[in-house]
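**Q** Here you go, this is input.cif (mmCIF, C-alpha atoms).
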```cif
data_data
loop_
_atom_site.group_PDB
_atom_site.id
_atom_site.type_symbol
_atom_site.label_atom_id
_atom_site.label_comp_id
_atom_site.auth_asym_id
_atom_site.auth_seq_id
_atom_site.Cartn_x
_atom_site.Cartn_y
_atom_site.Cartn_z
ATOM 1 C CA MET A 1 3.988 -12.790 -8.479
ATOM 2 C CA PRO A 2 2.653 -16.360 -8.705
ATOM 3 C CA ASN A 3 4.918 -18.110 -6.170
ATOM 4 C CA PRO A 4 6.722 -15.462 -4.112
ATOM 5 C CA SER A 5 8.802 -15.958 -1.016
ATOM 6 C CA ILE A 6 8.131 -14.037 2.184
ATOM 7 C CA THR A 7 11.334 -12.066 1.495
ATOM 8 C CA GLN A 8 10.073 -11.060 -1.963
ATOM 9 C CA ILE A 9 6.718 -10.034 -0.504
ATOM 10 C CA LYS A 10 8.406 -7.910 2.141
ATOM 11 C CA ASP A 11 10.542 -6.217 -0.530
ATOM 12 C CA LEU A 12 7.485 -5.540 -2.703
ATOM 13 C CA PHE A 13 5.476 -4.029 0.143
ATOM 14 C CA ILE A 14 8.307 -1.853 1.426
ATOM 15 C CA SER A 15 9.301 -0.571 -2.020
ATOM 16 C CA ARG A 16 5.703 0.320 -2.900
ATOM 17 C CA LEU A 17 5.229 2.071 0.441
ATOM 18 C CA ASP A 18 8.421 3.993 -0.405
ATOM 19 C CA VAL A 19 6.612 5.162 -3.558
ATOM 20 C CA LEU A 20 3.617 6.319 -1.525
ATOM 21 C CA GLU A 21 5.936 8.148 0.860
ATOM 22 C CA HIS A 22 7.701 9.778 -2.103
ATOM 23 C CA ILE A 23 4.545 11.030 -3.809
ATOM 24 C CA LEU A 24 3.373 12.522 -0.508
ATOM 25 C CA ALA A 25 6.759 14.236 -0.097
ATOM 26 C CA VAL A 26 6.386 15.740 -3.589
ATOM 27 C CA ALA A 27 2.923 17.016 -2.648
ATOM 28 C CA GLU A 28 4.198 18.408 0.644
ATOM 29 C CA ALA A 29 6.954 20.305 -1.174
ATOM 30 C CA HIS A 30 4.556 21.607 -3.849
ATOM 31 C CA PHE A 31 1.520 22.682 -1.833
ATOM 32 C CA PRO A 32 1.713 25.280 0.952
ATOM 33 C CA ASN A 33 -1.009 23.545 3.002
ATOM 34 C CA ALA A 34 -0.527 19.879 2.172
ATOM 35 C CA ASP A 35 -2.646 18.760 5.144
ATOM 36 C CA ALA A 36 -5.714 20.174 3.408
ATOM 37 C CA LEU A 37 -5.172 17.703 0.559
ATOM 38 C CA LEU A 38 -6.141 14.783 2.790
ATOM 39 C CA SER A 39 -9.833 15.513 2.249
ATOM 40 C CA GLU A 40 -9.553 15.688 -1.555
ATOM 41 C CA ARG A 41 -11.059 12.912 -3.675
ATOM 42 C CA LEU A 42 -11.515 12.065 -7.351
ATOM 43 C CA ALA A 43 -15.251 11.355 -7.142
ATOM 44 C CA PRO A 44 -17.887 11.875 -4.456
ATOM 45 C CA ASP A 45 -18.244 8.144 -3.772
ATOM 46 C CA MET A 46 -14.510 7.479 -3.470
ATOM 47 C CA PHE A 47 -12.342 7.686 -0.379
ATOM 48 C CA PRO A 48 -10.404 10.919 0.048
ATOM 49 C CA LEU A 49 -6.616 10.982 -0.063
ATOM 50 C CA ALA A 50 -6.454 10.174 3.676
ATOM 51 C CA GLY A 51 -8.510 7.032 3.093
ATOM 52 C CA GLN A 52 -6.396 5.989 0.121
ATOM 53 C CA ILE A 53 -3.257 6.257 2.248
ATOM 54 C CA ALA A 54 -4.771 4.330 5.170
ATOM 55 C CA ILE A 55 -6.108 1.544 2.965
ATOM 56 C CA ALA A 56 -2.806 1.282 1.068
ATOM 57 C CA CYS A 57 -1.076 0.822 4.440
ATOM 58 C CA ASN A 58 -3.715 -1.630 5.640
ATOM 59 C CA GLN A 59 -2.785 -4.178 2.950
ATOM 60 C CA PRO A 60 0.823 -4.853 4.066
ATOM 61 C CA ARG A 61 -0.062 -4.054 7.676
ATOM 62 C CA GLY A 62 -2.761 -6.739 7.644
ATOM 63 C CA PHE A 63 -0.361 -9.185 6.035
ATOM 64 C CA SER A 64 2.182 -8.581 8.792
ATOM 65 C CA GLN A 65 -0.510 -9.120 11.426
ATOM 66 C CA TRP A 66 -1.699 -12.330 9.759
ATOM 67 C CA CYS A 67 1.887 -13.600 9.614
ATOM 68 C CA ALA A 68 2.262 -12.873 13.346
ATOM 69 C CA GLY A 69 -1.011 -14.638 14.184
ATOM 70 C CA GLN A 70 -2.573 -11.361 15.323
ATOM 71 C CA PRO A 71 -6.069 -10.103 14.526
ATOM 72 C CA ILE A 72 -6.193 -7.624 11.675
ATOM 73 C CA ASP A 73 -6.324 -4.112 13.106
ATOM 74 C CA ASN A 74 -6.881 -1.680 10.224
ATOM 75 C CA LEU A 75 -5.952 1.968 10.369
ATOM 76 C CA SER A 76 -8.749 4.497 10.456
ATOM 77 C CA ILE A 77 -9.362 6.349 7.210
ATOM 78 C CA GLU A 78 -9.483 9.534 9.283
ATOM 79 C CA ILE A 79 -5.945 10.926 9.078
ATOM 80 C CA GLY A 80 -5.520 14.452 10.418
ATOM 81 C CA SER A 81 -2.188 15.504 8.932
ATOM 82 C CA LEU A 82 0.418 14.573 6.379
ATOM 83 C CA ALA A 83 2.830 13.951 9.254
ATOM 84 C CA GLU A 84 0.378 11.385 10.650
ATOM 85 C CA ALA A 85 0.033 9.763 7.216
ATOM 86 C CA LEU A 86 3.806 9.526 6.841
ATOM 87 C CA GLY A 87 3.992 8.054 10.344
ATOM 88 C CA HIS A 88 1.515 5.338 9.324
ATOM 89 C CA ILE A 89 3.629 4.536 6.258
ATOM 90 C CA ARG A 90 6.829 4.315 8.314
ATOM 91 C CA ASP A 91 5.128 2.172 10.969
ATOM 92 C CA THR A 92 3.753 -0.136 8.280
ATOM 93 C CA LYS A 93 7.183 -0.514 6.682
ATOM 94 C CA ALA A 94 8.654 -1.399 10.093
ATOM 95 C CA ARG A 95 5.918 -3.993 10.649
ATOM 96 C CA VAL A 96 6.615 -5.534 7.247
ATOM 97 C CA ALA A 97 10.374 -5.557 7.827
ATOM 98 C CA ALA A 98 9.778 -7.420 11.108
ATOM 99 C CA ILE A 99 7.835 -10.284 9.482
ATOM 100 C CA ASP A 100 9.568 -13.491 10.500
ATOM 101 C CA VAL A 101 7.745 -16.547 9.190
ATOM 102 C CA ALA A 102 8.608 -19.370 6.839
ATOM 103 C CA ASP A 103 7.332 -19.386 3.279
ATOM 104 C CA ALA A 104 4.996 -22.236 4.324
ATOM 105 C CA LYS A 105 2.750 -19.534 5.863
ATOM 106 C CA LEU A 106 1.643 -18.806 2.302
ATOM 107 C CA ASP A 107 0.100 -22.289 2.086
ATOM 108 C CA GLU A 108 -2.265 -21.560 4.989
ATOM 109 C CA ILE A 109 -5.864 -20.458 4.452
ATOM 110 C CA LYS A 110 -6.715 -16.810 5.130
ATOM 111 C CA ARG A 111 -10.286 -15.733 5.878
ATOM 112 C CA ILE A 112 -11.005 -12.297 4.434
ATOM 113 C CA GLY A 113 -13.936 -10.249 5.678
ATOM 114 C CA LEU A 114 -15.778 -8.564 2.821
ATOM 115 C CA GLY A 115 -18.299 -6.528 4.776
ATOM 116 C CA PRO A 116 -21.262 -7.496 6.929
ATOM 117 C CA GLY A 117 -22.168 -11.133 6.437
ATOM 118 C CA ARG A 118 -19.630 -11.745 3.643
ATOM 119 C CA HIS A 119 -16.197 -13.348 3.545
ATOM 120 C CA CYS A 120 -13.989 -15.561 1.440
ATOM 121 C CA GLU A 121 -11.254 -18.019 2.318
ATOM 122 C CA LEU A 122 -8.126 -18.147 0.200
ATOM 123 C CA PRO A 123 -4.743 -19.840 0.397
ATOM 124 C CA GLY A 124 -2.096 -17.323 1.473
ATOM 125 C CA ARG A 125 -0.582 -17.014 -2.006
ATOM 126 C CA GLN A 126 -3.971 -16.273 -3.541
ATOM 127 C CA TYR A 127 -4.739 -13.854 -0.673
ATOM 128 C CA LEU A 128 -1.550 -12.065 -1.622
ATOM 129 C CA ASN A 129 -1.924 -12.164 -5.417
ATOM 130 C CA ASP A 130 -5.673 -11.627 -5.782
ATOM 131 C CA TYR A 131 -6.434 -9.398 -2.817
ATOM 132 C CA LEU A 132 -3.514 -7.635 -1.120
ATOM 133 C CA VAL A 133 -1.297 -6.626 -4.025
ATOM 134 C CA PRO A 134 -4.117 -5.421 -6.316
ATOM 135 C CA ASN A 135 -5.579 -3.393 -3.440
ATOM 136 C CA LEU A 136 -2.167 -1.952 -2.594
ATOM 137 C CA TYR A 137 -1.607 -0.812 -6.188
ATOM 138 C CA PHE A 138 -5.163 0.498 -6.524
ATOM 139 C CA HIS A 139 -4.965 2.727 -3.455
ATOM 140 C CA ILE A 140 -1.455 3.993 -4.206
ATOM 141 C CA SER A 141 -2.654 4.744 -7.752
ATOM 142 C CA MET A 142 -5.642 6.655 -6.405
ATOM 143 C CA ALA A 143 -3.406 8.683 -4.061
ATOM 144 C CA TYR A 144 -1.156 9.460 -7.030
ATOM 145 C CA ALA A 145 -4.160 10.361 -9.216
ATOM 146 C CA ILE A 146 -5.647 12.691 -6.591
ATOM 147 C CA LEU A 147 -2.354 14.534 -6.163
ATOM 148 C CA ARG A 148 -1.696 14.663 -9.898
ATOM 149 C CA HIS A 149 -5.231 15.964 -10.496
ATOM 150 C CA LEU A 150 -4.578 18.746 -7.966
ATOM 151 C CA GLY A 151 -1.428 19.785 -9.813
ATOM 152 C CA ALA A 152 1.383 17.989 -7.990
ATOM 153 C CA PRO A 153 4.369 17.664 -10.316
ATOM 154 C CA LEU A 154 4.241 13.880 -10.471
ATOM 155 C CA GLY A 155 4.934 11.588 -13.385
ATOM 156 C CA LYS A 156 5.180 7.906 -14.073
ATOM 157 C CA THR A 157 8.793 7.913 -12.905
ATOM 158 C CA ASP A 158 7.570 8.945 -9.449
ATOM 159 C CA PHE A 159 5.023 6.123 -9.395
ATOM 160 C CA MET A 160 7.491 3.508 -10.592
ATOM 161 C CA GLY A 161 10.390 4.656 -8.444
ATOM 162 C CA TYR A 162 10.904 1.108 -7.202
ATOM 163 C CA LEU A 163 12.574 0.383 -10.558
ATOM 164 C CA ALA A 164 15.353 2.939 -9.910
ATOM 165 C CA PRO A 165 17.921 0.354 -8.710
ATOM 166 C CA TYR A 166 17.557 -1.504 -12.008
ATOM 167 C CA ILE A 167 17.880 1.435 -14.399
ATOM 168 C CA ARG A 168 21.086 1.532 -16.447
ATOM 169 C CA GLU A 169 22.334 4.280 -18.730
ATOM 170 C CA GLU A 170 23.329 3.302 -22.239
ATOM 171 C CA ASN A 171 26.718 4.480 -23.478
#
```
Can you turn what I pasted into structure tokens?
**A**
Amino acid sequence: MPNPSITQIKDLFISRLDVLEHILAVAEAHFPNADALLSERLAPDMFPLAGQIAIACNQPRGFSQWCAGQPIDNLSIEIGSLAEALGHIRDTKARVAAIDVADAKLDEIKRIGLGPGRHCELPGRQYLNDYLVPNLYFHISMAYAILRHLGAPLGKTDFMGYLAPYIREEN
């Protein structure tokens, strides 16, 4: 999305968070103790499902905070229940929906912390395109992969559910 508007960004974030909410709902319906899934991970050095959900939310959440001139306040990767995870997703969607800034915000420079002693500064559009959106997709993909690996009945249609309004049947 090389030159998006704030409205397009909001739509992208909300629709992708809808996907995350959907894949968690599928898992909740499929597994008798879905809360136990939050500690599952694909590899020992990767975040568990709870962390993937929190970090996926932190991307649009941080964007909403930046737009509001607030300090970035990331969610903890320690999520105790699926209900809590779904609450974080709903709260994040509400924060995104409430963004009220002009597109000129995307021309401002954003400082991104990259761990102790490291940072980069990017124009808002590059912050969005090179940092936020790739991270959002990565962590939603990892949540999907963890659940799929555990046997949740998920497919590509579940992951790309944001395309549903555009699908047409051929006669």
**Q** I'd like the neighbourhood of region 131-133 of chain A as a ChimeraX atom specification, where a residue qualifies if any of its atoms comes within 9 Å (using only C-alpha atoms), though same-chain residues fewer than 2 positions away should be ignored.
**A** /A:12-13,59-60,62-63,126-129,135-138
**Q** Select, counting all atoms listed in the file, all protein, DNA and RNA residues no farther than 10 Å from (13.1, -7.8, 6.1) in file coordinates, and express the selection as a PyMOL selection string.
**A** chain A and resi 6-11+14+93-100
**Q** Please determine, counting only C-alpha atoms, which residue among A:Gly155, A:Pro44, A:Cys57, A:Val101 has the shortest atom-to-atom distance to Asp18 (chain A).
**A**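 Smallest separation from Asp18 (chain A) among the options: A:Cys57.
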**Q** Considering only C-alpha atoms, return as a VMD selection string whatever protein or nucleic-acid residues lie within 7 Å of region 25-36 of chain A, sequence-local ones (same chain, fewer than 4 positions apart) excluded.
**A** chain A and resid 21 81 to 82 147 152
**Q** Could you list as a PDB file with C-alpha atoms, in the frame of the given file every residue that has an atom within 10 Å of (4.5, 4.8, -1.8), using the file's coordinates and counting all atoms listed in the file?
**A**
```
ATOM      1  CA  PHE A  13       5.476  -4.029   0.143  1.00  0.00           C
ATOM      2  CA  ILE A  14       8.307  -1.853   1.426  1.00  0.00           C
ATOM      3  CA  SER A  15       9.301  -0.571  -2.020  1.00  0.00           C
ATOM      4  CA  ARG A  16       5.703   0.320  -2.900  1.00  0.00           C
ATOM      5  CA  LEU A  17       5.229   2.071   0.441  1.00  0.00           C
ATOM      6  CA  ASP A  18       8.421   3.993  -0.405  1.00  0.00           C
ATOM      7  CA  VAL A  19       6.612   5.162  -3.558  1.00  0.00           C
ATOM      8  CA  LEU A  20       3.617   6.319  -1.525  1.00  0.00           C
ATOM      9  CA  GLU A  21       5.936   8.148   0.860  1.00  0.00           C
ATOM     10  CA  HIS A  22       7.701   9.778  -2.103  1.00  0.00           C
ATOM     11  CA  ILE A  23       4.545  11.030  -3.809  1.00  0.00           C
ATOM     12  CA  LEU A  24       3.373  12.522  -0.508  1.00  0.00           C
ATOM     13  CA  ALA A  25       6.759  14.236  -0.097  1.00  0.00           C
ATOM     14  CA  ILE A  53      -3.257   6.257   2.248  1.00  0.00           C
ATOM     15  CA  ALA A  56      -2.806   1.282   1.068  1.00  0.00           C
ATOM     16  CA  CYS A  57      -1.076   0.822   4.440  1.00  0.00           C
ATOM     17  CA  LEU A  86       3.806   9.526   6.841  1.00  0.00           C
ATOM     18  CA  ILE A  89       3.629   4.536   6.258  1.00  0.00           C
ATOM     19  CA  LEU A 136      -2.167  -1.952  -2.594  1.00  0.00           C
ATOM     20  CA  TYR A 137      -1.607  -0.812  -6.188  1.00  0.00           C
ATOM     21  CA  HIS A 139      -4.965   2.727  -3.455  1.00  0.00           C
ATOM     22  CA  ILE A 140      -1.455   3.993  -4.206  1.00  0.00           C
ATOM     23  CA  SER A 141      -2.654   4.744  -7.752  1.00  0.00           C
ATOM     24  CA  ALA A 143      -3.406   8.683  -4.061  1.00  0.00           C
ATOM     25  CA  TYR A 144      -1.156   9.460  -7.030  1.00  0.00           C
ATOM     26  CA  ASP A 158       7.570   8.945  -9.449  1.00  0.00           C
ATOM     27  CA  PHE A 159       5.023   6.123  -9.395  1.00  0.00           C
ATOM     28  CA  MET A 160       7.491   3.508 -10.592  1.00  0.00           C
ATOM     29  CA  GLY A 161      10.390   4.656  -8.444  1.00  0.00           C
ATOM     30  CA  TYR A 162      10.904   1.108  -7.202  1.00  0.00           C
TER      31      TYR A 162
END
```
**Q** Could you pull the residues within 12 Å of Glu78 (chain A), counting only C-alpha atoms, minus those fewer than 5 positions along the same chain, as a list in words?
**A**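 Returned residues: Leu38, Ser39, Phe47, Pro48, Leu49, Ala50, Gly51, Gln52, Ile53, Ala54, Ile55, Glu84, Ala85 and His88 of chain A.
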**Q** Please compute the CA of Ala104 (chain A)-CA of Arg125 (chain A) distance, one decimal, in Å.
**A**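 Rounded to one decimal, the two atoms are 9.9 Å apart.
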**Q** As AutoDock Vina command-line options, what would the box around region 37-46 of chain A look like: edges along x, y and z, 8 Å added on every side, centre and edge lengths in Å to one decimal?
**A**
```
--center_x -11.7 --center_y 12.6 --center_z -2.3 --size_x 29.1 --size_y 26.2 --size_z 26.1
```
**Q** Using CA of Ala68 (chain A) and CA of Ala102 (chain A) as the two end points, give the distance in Å to one decimal.
**A**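 One can read the CA of Ala68 (chain A) to CA of Ala102 (chain A) distance as 11.2 Å.
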**Q** For the atom pair CA of Gly124 (chain A) and CA of Thr92 (chain A), what is the interatomic distance in Å to one decimal place?
**A**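 Those two atoms sit 19.4 Å apart.
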